[in-house]
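As structure tokens, the structure follows; a few thoughts come after it.
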Amino acid sequence: MAQPGWRDAPSPPDFSLLKRLARDQLIYLLEQLPGKKDLFIEGDLMSPLDRIANVTTLKQHEVDKLYKVEHKPIVSTSDQLCFLIRPRVATVKWVSDVVNSDKAAGRFRRYKIIFCPQKFYVCDAVLEEEGVYGDVTTDSWHFYLLPLDEDIISMELPEFFRENFLEGDQRWVETAGNALHLLHSLYGPFSKVFGMGRCAKMAYESWRELQEESEQKSRRADIGTVFLVDRDVDYVTPLCSQVVYEGLVDDIFRIKCGSVEFGPEVTSSDKSVKVMLNSEDKVFSEIRNEHFSNVFSFLSQKARNLQTAYDKRRGMDIQQMKTFVSEELKGLKQEHRLLSLHIGASESIMKKKTKQDFQELLKTEHSLLEGFEVREAIAYIEEHISRQVSMVESLRLLCLLSLTENGLLPKDYRALKSQYLQSYGVEHLLTFANLRQLGVLVEQQPGETLTVMESKVGKLVNDKTAGKLTDAFSSLAKKSNFRALSKKLALVPKSDEEYDLRVPKDMAYIFSGAYVPLSCRLVEQVLERNGWTGLEEVTRMINRHEFAVGAGGGGPEGGEKTDAQRVILVMFLGGCTYSEIAALRFLGRERGLKFIVVTTAITNSGRLLEALLDH
Amino acid sequence: MAFVTATWNPLGEAFYRKTEVYEMGWRLSSGLRDCLVAAAPYGGPIALLKEPQRRSPSARPQLEIYSSSGCSMASFVWKSGVVKHLGWTVSDDLLCIQEDGTVLIYDLFGNFKRHFSMGNEVVQNQVLEAKVFHSPYGTGIAIITGAFRFTLATNIDDLKLRRLPEVPGLQGPPTCWAVLTQDRQSKVLLASGLDLFILDNTACSAVTPPGLSPQVCSIVQMCVSFSYKYLALFTDSGHVWMGSANLKEKLSEVETKVKTPPKQMVWCRRPKSHQPSVVMMWERHLLVAGECKETIQYKQMTCQVLIDRLVYRKLYPLAIEICRYLKTPEYQGVSRVLKHWACCKVQQKEESDEAIARAVSVKLAEAAGISYSEIASKAYECGRTELAIKLLEFEPRSGEQVPLLLKMKRSQLALSKAIESGDTDLVYTVVTYLKNEMNRGDFFMTLRNQPVALSLYRQFCKHQEQDTIKDLFNQDDDHQELGSFYVKASYKEKRLEARLSLLQSAVDEYNKAKNEFAAKATDEEMRLLRFQRRLEEEKGEQLLGLSLQDTLRVLLSVGLNKPAEQLYKDFRVPDKRYWWLKITALADKEDWDELEKFAKSKKSPIGYLPFVEVCVKKHNKSEAKKYISRVTPEQKVKAHLAVGDLEGAAEAAIERRSEAEISMVLSRCLSTTDRGLVDRLNRARSTTAKK
């Protein structure tokens, strides 16, 4: 629905500055411990660190040997040990053990802990309890944000999701506020902030406080609007099978920190190859947002073009050949290499995903989203469980069922859980407890559904109390109101129309035209309305906590927007998927906007559910 | 017209004159003789202690405080011990250092504020001499005792007494000494005859000023510049040596031809010159020496200090007017003045808590960046806890309220406020505090009412104090969580008996929690474990810890059909599931006869398509075909396709007149080889579509 008069989307601000700042601070911190030192790095910080400073840089600043933190006794012979770690109790305890065992052995060393991105009080408490507080110096490396691509910035904090939403531990909220503050000071001032979710609200408050304390510099904004979204506003979207190329690659090969390792089945050799997946890869950047069904034809077209380019060589004289080799050949070869990798990946995906059972899986998901043939879907899930297709996949379907149906009927709830335990082991009792607490796999409350209850209560008391009661009910049952939301926001397009996936007409294309991601639809709606006005019913169903700051009186805005106003930062607290990013990119192209996605981590159904397991 | 140079006196190449700027308002009958005098810098107040040596109760010394213009601000009889030295702090407080090392602090209106001691050594050996000095770290005090040892405090507001090392061979008092601030440390420079020493925290080092005149036998006077950059030494030979305070560099040396030590020697800047010089004063002479090449940047008295001074004098309205006039940012200006006013206000004992709280809130309502917690702290210090709590309520940043609330032992309130602030570190601080303050029961009870704090504490316990978690749940009667706790613990346990007993505890807890489902599932897990162990012992199969389904699979795959059958019955495994397992296991073993027998044993609850599929999976299409006839019509197309029989699939699809199925078959046909079939299917599709 491109509207006439929309300009092209502005280009994104230069986020490489974030990397430079992080590198400079890291170097400064390393120099605070002069002399040769061994560096111990927390496992999940290794890839992010690699994007900021390579081994040569570290060696230049007198890092002698590099080790991965493995929670085992160490073998270093250095007199100075530096630990680059996340502020986790377990890791701090391990460092304390290292110090204490040195002490017991009568060995003297200097120790420095660098917490990334910040230290928590509890870290000091552990050091103190372990009796090593005075033996180590601590510092914080404020590496909050890692740009993964020109429009994706990750905080690389996958634990944010579980700790915040399941365990109610709000430690990371402040970190999110700090990240926002950093973005604001480099690319702000933001003129509008929208948000939905409790955590979004708290992160906003935390940022605002920092904002009040710091000096206001007037600069021209690069980013005008910010949108904060809690992951728990929409669990349905990340639990759906991804079918756009980038999402599929993530589901199957797991993209880590913007890079993927393709195994022998893709490279058709005996080696694995690591590939950076971003807009600099010209082949990838053209297919990343495409529905998978289009990818193959695109790739083969690309292969034909490449062949034509190679074919130019025929009939060249020596001079022309020389120019060709020096100017074009390298680029062609590079493209060739990437093309063959992506063709390999697509083939591998095809093998896994175009089989009958994947189609049936998608069909089941679509019927859950539409709310049709739910009994058949349940039968499918039962079979899925009893055939032990995949522990996480079965769980994913159970959750989708519960989320879209506002909980399972008591009978189904017990039966499915019990079958699941028989298949995958009784330890998943704990998993179910977690899923229940999070509200993604619950039992339907007998009798009335929430909406019915709500309207009844609404008639009895005034609106304000009704709102409070709704909150109370929702927190009690943590029910989703997917069906009602879906209707209100037209998330499921009418199924009788043909959907041409090559020419997408809305964001639903990322799920084969079956479903518009709720999270992205909310962003779209709020931007369109310049606030929450008219979405009152929707916000009640997503548990409120919505806010809009600096949006003026609400209602659509007139007049031409500046470039900064058309650059919109969407921050997902608790993770977002590549499919959601693809949907926002689509929305941006349609509306002449540029979306920048900031996320606590890139997630997908696998990561999300694995985070909820208890082993 | 008067001769303009008449009032100027020659002083070497320069001239000086004395002009009276204003007349001092005081009347001092006997001048400053026999007085201890202290004047604060930049025209600050002046303190006099008359006849400080008097000790008898009938004749005590008199302490007087004047403004720089000589207006009396306070005057009272000194009733404490013998004062050796007076000095002013950077915030216009008067320090009275007594012989026994006690330091008494008064504000400039002569109100006693507090006192502290300079340590036992000083008490024992008494103060020989004391100096008050200023540095970026605040106001400090240095004392030399009767035992010729130095004690030093760099900042009296954060008192850390340091006893400096002994000076080797020092038998009597040093001839002169001064305090230096170097490398962020306060040091003492002292002269004993010709020897110069620098005393820092750890060592006493001898130093020599470069290029000191050879005639010198003793250094009799010294002074350090305001910035601690320059040093001047006066010697018994009448030389003035000037150089850098680190004694690395000599700037100049002047022979004064006067051998008596000057009464006073100070660094100053000559008018219209940027060169620092030293001014010395004897009874009748004044001498300026120095040709330093460098310039000294004196820190000028800033507006901040000016406003501070007004505030210390309680001239609040004037201070506010000046702030407004100077357009000082509100945070540094008006708000700061108002804060001081409020801190003063809360000390007014005659007014009620309500009245004060109201007055403060009214006056401060509009001011930006006011820290009510600071004002409340002041109220608390004055013993007005209730007022402090009232004032804290005005503090918009809840985090700011926490430290004071803890101090006032309002720990519950502190916890709520910390949570409100969203600062988890602060919450954790309070939790730790509560943990140490309260008994365990009360502590848990408090946490129970504060989920945010509880989850933070749990995170901590998870790694540090496993048992505390259990106690927490116990206290809460949270049987569900206790059950989960035992289940979790059971996975960490290697020995089966211990594992079973943990699971039994879990079952008991789940029962108490009325979670029948979990109780039953856990109970079944125990039965399964026992069953697995028995079979392991009997048959030697590795089973322990496998899920029910995996156990069945292993049993079926090795042909232990009887125990499998028993498990199936005992655990009421759904028929469908059992059939699936059974046929998969048989196909995996390629035991086709047994598979066929099983298919015929009774009607399959999962239909016969799975039979086809498991055979195909093992690439045995001929076996697979045996089952196609028994597949239901709905699944027939799929079955034919599975064995690669396009003809059969086409026939089934056409027979069922299902457009979707016809399309499905079509999608598997190749236009080159299956032309006839494609045509047939297309025809059938168009007739189906017409209907």
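Residues in the structure tokens are named by chain (A, B, ... in the order shown) and by number from 1 within that chain; ligands are numbered from 1 in the order shown.
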**OP:** Report as a PyMOL selection string the set of chain B residues whose atoms approach chain A to within 8 Å, with distances computed over only C-alpha atoms.
**Re:** chain B and resi 422-426+428-429+451-452+455-456+459-460+463-464+484+487-488+491+517-518+521-522+525+546-550+577+580-581
Serialized selection, N, CA and C atoms, as an mmCIF file, in the first residue's frame:
```
data_model
loop_
_atom_site.group_PDB
_atom_site.id
_atom_site.type_symbol
_atom_site.label_atom_id
_atom_site.label_comp_id
_atom_site.auth_asym_id
_atom_site.auth_seq_id
_atom_site.Cartn_x
_atom_site.Cartn_y
_atom_site.Cartn_z
ATOM 1 N N GLY B 422 13.629 0.831 40.804
ATOM 2 C CA GLY B 422 14.023 0.032 39.649
ATOM 3 C C GLY B 422 15.515 -0.254 39.605
ATOM 4 N N ASP B 423 16.227 0.178 40.620
ATOM 5 C CA ASP B 423 17.663 -0.061 40.647
ATOM 6 C C ASP B 423 17.923 -1.355 41.411
ATOM 7 N N THR B 424 18.207 -2.413 40.680
ATOM 8 C CA THR B 424 18.293 -3.715 41.329
ATOM 9 C C THR B 424 19.492 -3.816 42.272
ATOM 10 N N ASP B 425 20.546 -3.091 41.954
ATOM 11 C CA ASP B 425 21.693 -3.100 42.858
ATOM 12 C C ASP B 425 21.294 -2.556 44.230
ATOM 13 N N LEU B 426 20.453 -1.529 44.183
ATOM 14 C CA LEU B 426 19.988 -0.928 45.427
ATOM 15 C C LEU B 426 19.101 -1.925 46.183
ATOM 16 N N TYR B 428 19.285 -5.045 46.033
ATOM 17 C CA TYR B 428 20.141 -6.070 46.576
ATOM 18 C C TYR B 428 20.876 -5.599 47.824
ATOM 19 N N THR B 429 21.286 -4.336 47.794
ATOM 20 C CA THR B 429 21.940 -3.777 48.973
ATOM 21 C C THR B 429 21.026 -3.876 50.186
ATOM 22 N N PRO B 451 8.091 -9.547 45.673
ATOM 23 C CA PRO B 451 8.526 -10.524 44.665
ATOM 24 C C PRO B 451 9.822 -10.122 43.945
ATOM 25 N N VAL B 452 9.979 -8.839 43.694
ATOM 26 C CA VAL B 452 11.168 -8.412 42.958
ATOM 27 C C VAL B 452 12.427 -8.734 43.754
ATOM 28 N N SER B 455 12.976 -12.540 43.895
ATOM 29 C CA SER B 455 13.583 -13.206 42.739
ATOM 30 C C SER B 455 15.066 -12.861 42.624
ATOM 31 N N LEU B 456 15.420 -11.646 43.022
ATOM 32 C CA LEU B 456 16.841 -11.283 43.022
ATOM 33 C C LEU B 456 17.613 -12.174 43.990
ATOM 34 N N GLN B 459 18.066 -15.676 42.751
ATOM 35 C CA GLN B 459 19.138 -15.790 41.765
ATOM 36 C C GLN B 459 20.478 -15.980 42.461
ATOM 37 N N PHE B 460 20.629 -15.230 43.531
ATOM 38 C CA PHE B 460 21.868 -15.305 44.291
ATOM 39 C C PHE B 460 22.002 -16.676 44.955
ATOM 40 N N HIS B 463 23.076 -20.065 43.151
ATOM 41 C CA HIS B 463 24.477 -20.436 43.006
ATOM 42 C C HIS B 463 25.212 -20.529 44.335
ATOM 43 N N GLN B 464 24.815 -19.693 45.268
ATOM 44 C CA GLN B 464 25.587 -19.588 46.494
ATOM 45 C C GLN B 464 25.026 -20.385 47.665
ATOM 46 N N SER B 484 9.453 -29.021 42.843
ATOM 47 C CA SER B 484 10.388 -28.795 41.736
ATOM 48 C C SER B 484 11.828 -28.791 42.226
ATOM 49 N N VAL B 487 12.872 -32.329 42.596
ATOM 50 C CA VAL B 487 13.047 -32.961 41.280
ATOM 51 C C VAL B 487 14.390 -32.533 40.698
ATOM 52 N N LYS B 488 14.658 -31.241 40.770
ATOM 53 C CA LYS B 488 15.923 -30.722 40.254
ATOM 54 C C LYS B 488 17.099 -31.390 40.964
ATOM 55 N N TYR B 491 18.142 -34.870 39.796
ATOM 56 C CA TYR B 491 18.938 -35.055 38.588
ATOM 57 C C TYR B 491 20.421 -34.930 38.864
ATOM 58 N N PHE B 517 -1.279 -34.140 39.156
ATOM 59 C CA PHE B 517 -0.615 -34.514 37.913
ATOM 60 C C PHE B 517 0.881 -34.716 38.132
ATOM 61 N N ALA B 518 1.487 -33.703 38.753
ATOM 62 C CA ALA B 518 2.933 -33.777 38.973
ATOM 63 C C ALA B 518 3.273 -34.911 39.930
ATOM 64 N N ALA B 521 3.044 -38.127 37.970
ATOM 65 C CA ALA B 521 4.138 -38.243 37.003
ATOM 66 C C ALA B 521 5.443 -38.594 37.715
ATOM 67 N N THR B 522 5.658 -37.960 38.870
ATOM 68 C CA THR B 522 6.892 -38.221 39.606
ATOM 69 C C THR B 522 6.888 -39.636 40.171
ATOM 70 N N GLU B 525 7.744 -41.908 37.524
ATOM 71 C CA GLU B 525 9.183 -41.831 37.254
ATOM 72 C C GLU B 525 9.933 -42.771 38.209
ATOM 73 N N LEU B 546 16.444 -43.221 30.967
ATOM 74 C CA LEU B 546 15.754 -43.008 29.693
ATOM 75 C C LEU B 546 14.284 -42.681 29.948
ATOM 76 N N SER B 547 13.678 -42.001 28.996
ATOM 77 C CA SER B 547 12.250 -41.743 29.126
ATOM 78 C C SER B 547 11.510 -43.055 28.882
ATOM 79 N N LEU B 548 10.229 -43.072 29.239
ATOM 80 C CA LEU B 548 9.429 -44.274 29.078
ATOM 81 C C LEU B 548 9.489 -44.754 27.630
ATOM 82 N N GLN B 549 9.304 -43.819 26.731
ATOM 83 C CA GLN B 549 9.278 -44.159 25.318
ATOM 84 C C GLN B 549 10.624 -44.737 24.858
ATOM 85 N N ASP B 550 11.699 -44.092 25.286
ATOM 86 C CA ASP B 550 13.022 -44.572 24.889
ATOM 87 C C ASP B 550 13.293 -45.951 25.479
ATOM 88 N N ARG B 577 0.654 -45.001 20.490
ATOM 89 C CA ARG B 577 2.072 -44.832 20.722
ATOM 90 C C ARG B 577 2.780 -46.184 20.703
ATOM 91 N N TRP B 580 3.152 -47.507 17.206
ATOM 92 C CA TRP B 580 4.196 -46.768 16.502
ATOM 93 C C TRP B 580 5.578 -47.321 16.842
ATOM 94 N N LEU B 581 5.782 -47.443 18.134
ATOM 95 C CA LEU B 581 7.087 -47.892 18.605
ATOM 96 C C LEU B 581 7.395 -49.290 18.085
#
```
**OP:** Excluding A:Tyr133 and residues on its chain fewer than 3 positions from it, collect all residues at most 12 Å away from it, counting only C-alpha atoms, and give them as a PyMOL selection string.
**Re:** chain A and resi 92-93+95-96+99-100+111-113+123-130+136-138
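Atom CA of A:Val597 sits 15.6 Å away from atom CA of A:His181.
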Original post:
Any idea what's packed within 7 Å of stretch 30-44 of chain A, counting only C-alpha atoms, ignoring anything in its chain fewer than 6 positions away? Could you give it as number ranges by chain?
Top reply: A: 61-69, 78-86
Original post:
Which residues come within 10 Å of B:Val216, counting only C-alpha atoms, excluding same-chain residues fewer than 4 positions away, as a PyMOL selection string?
Top reply: chain B and resi 193-194+212+234-239
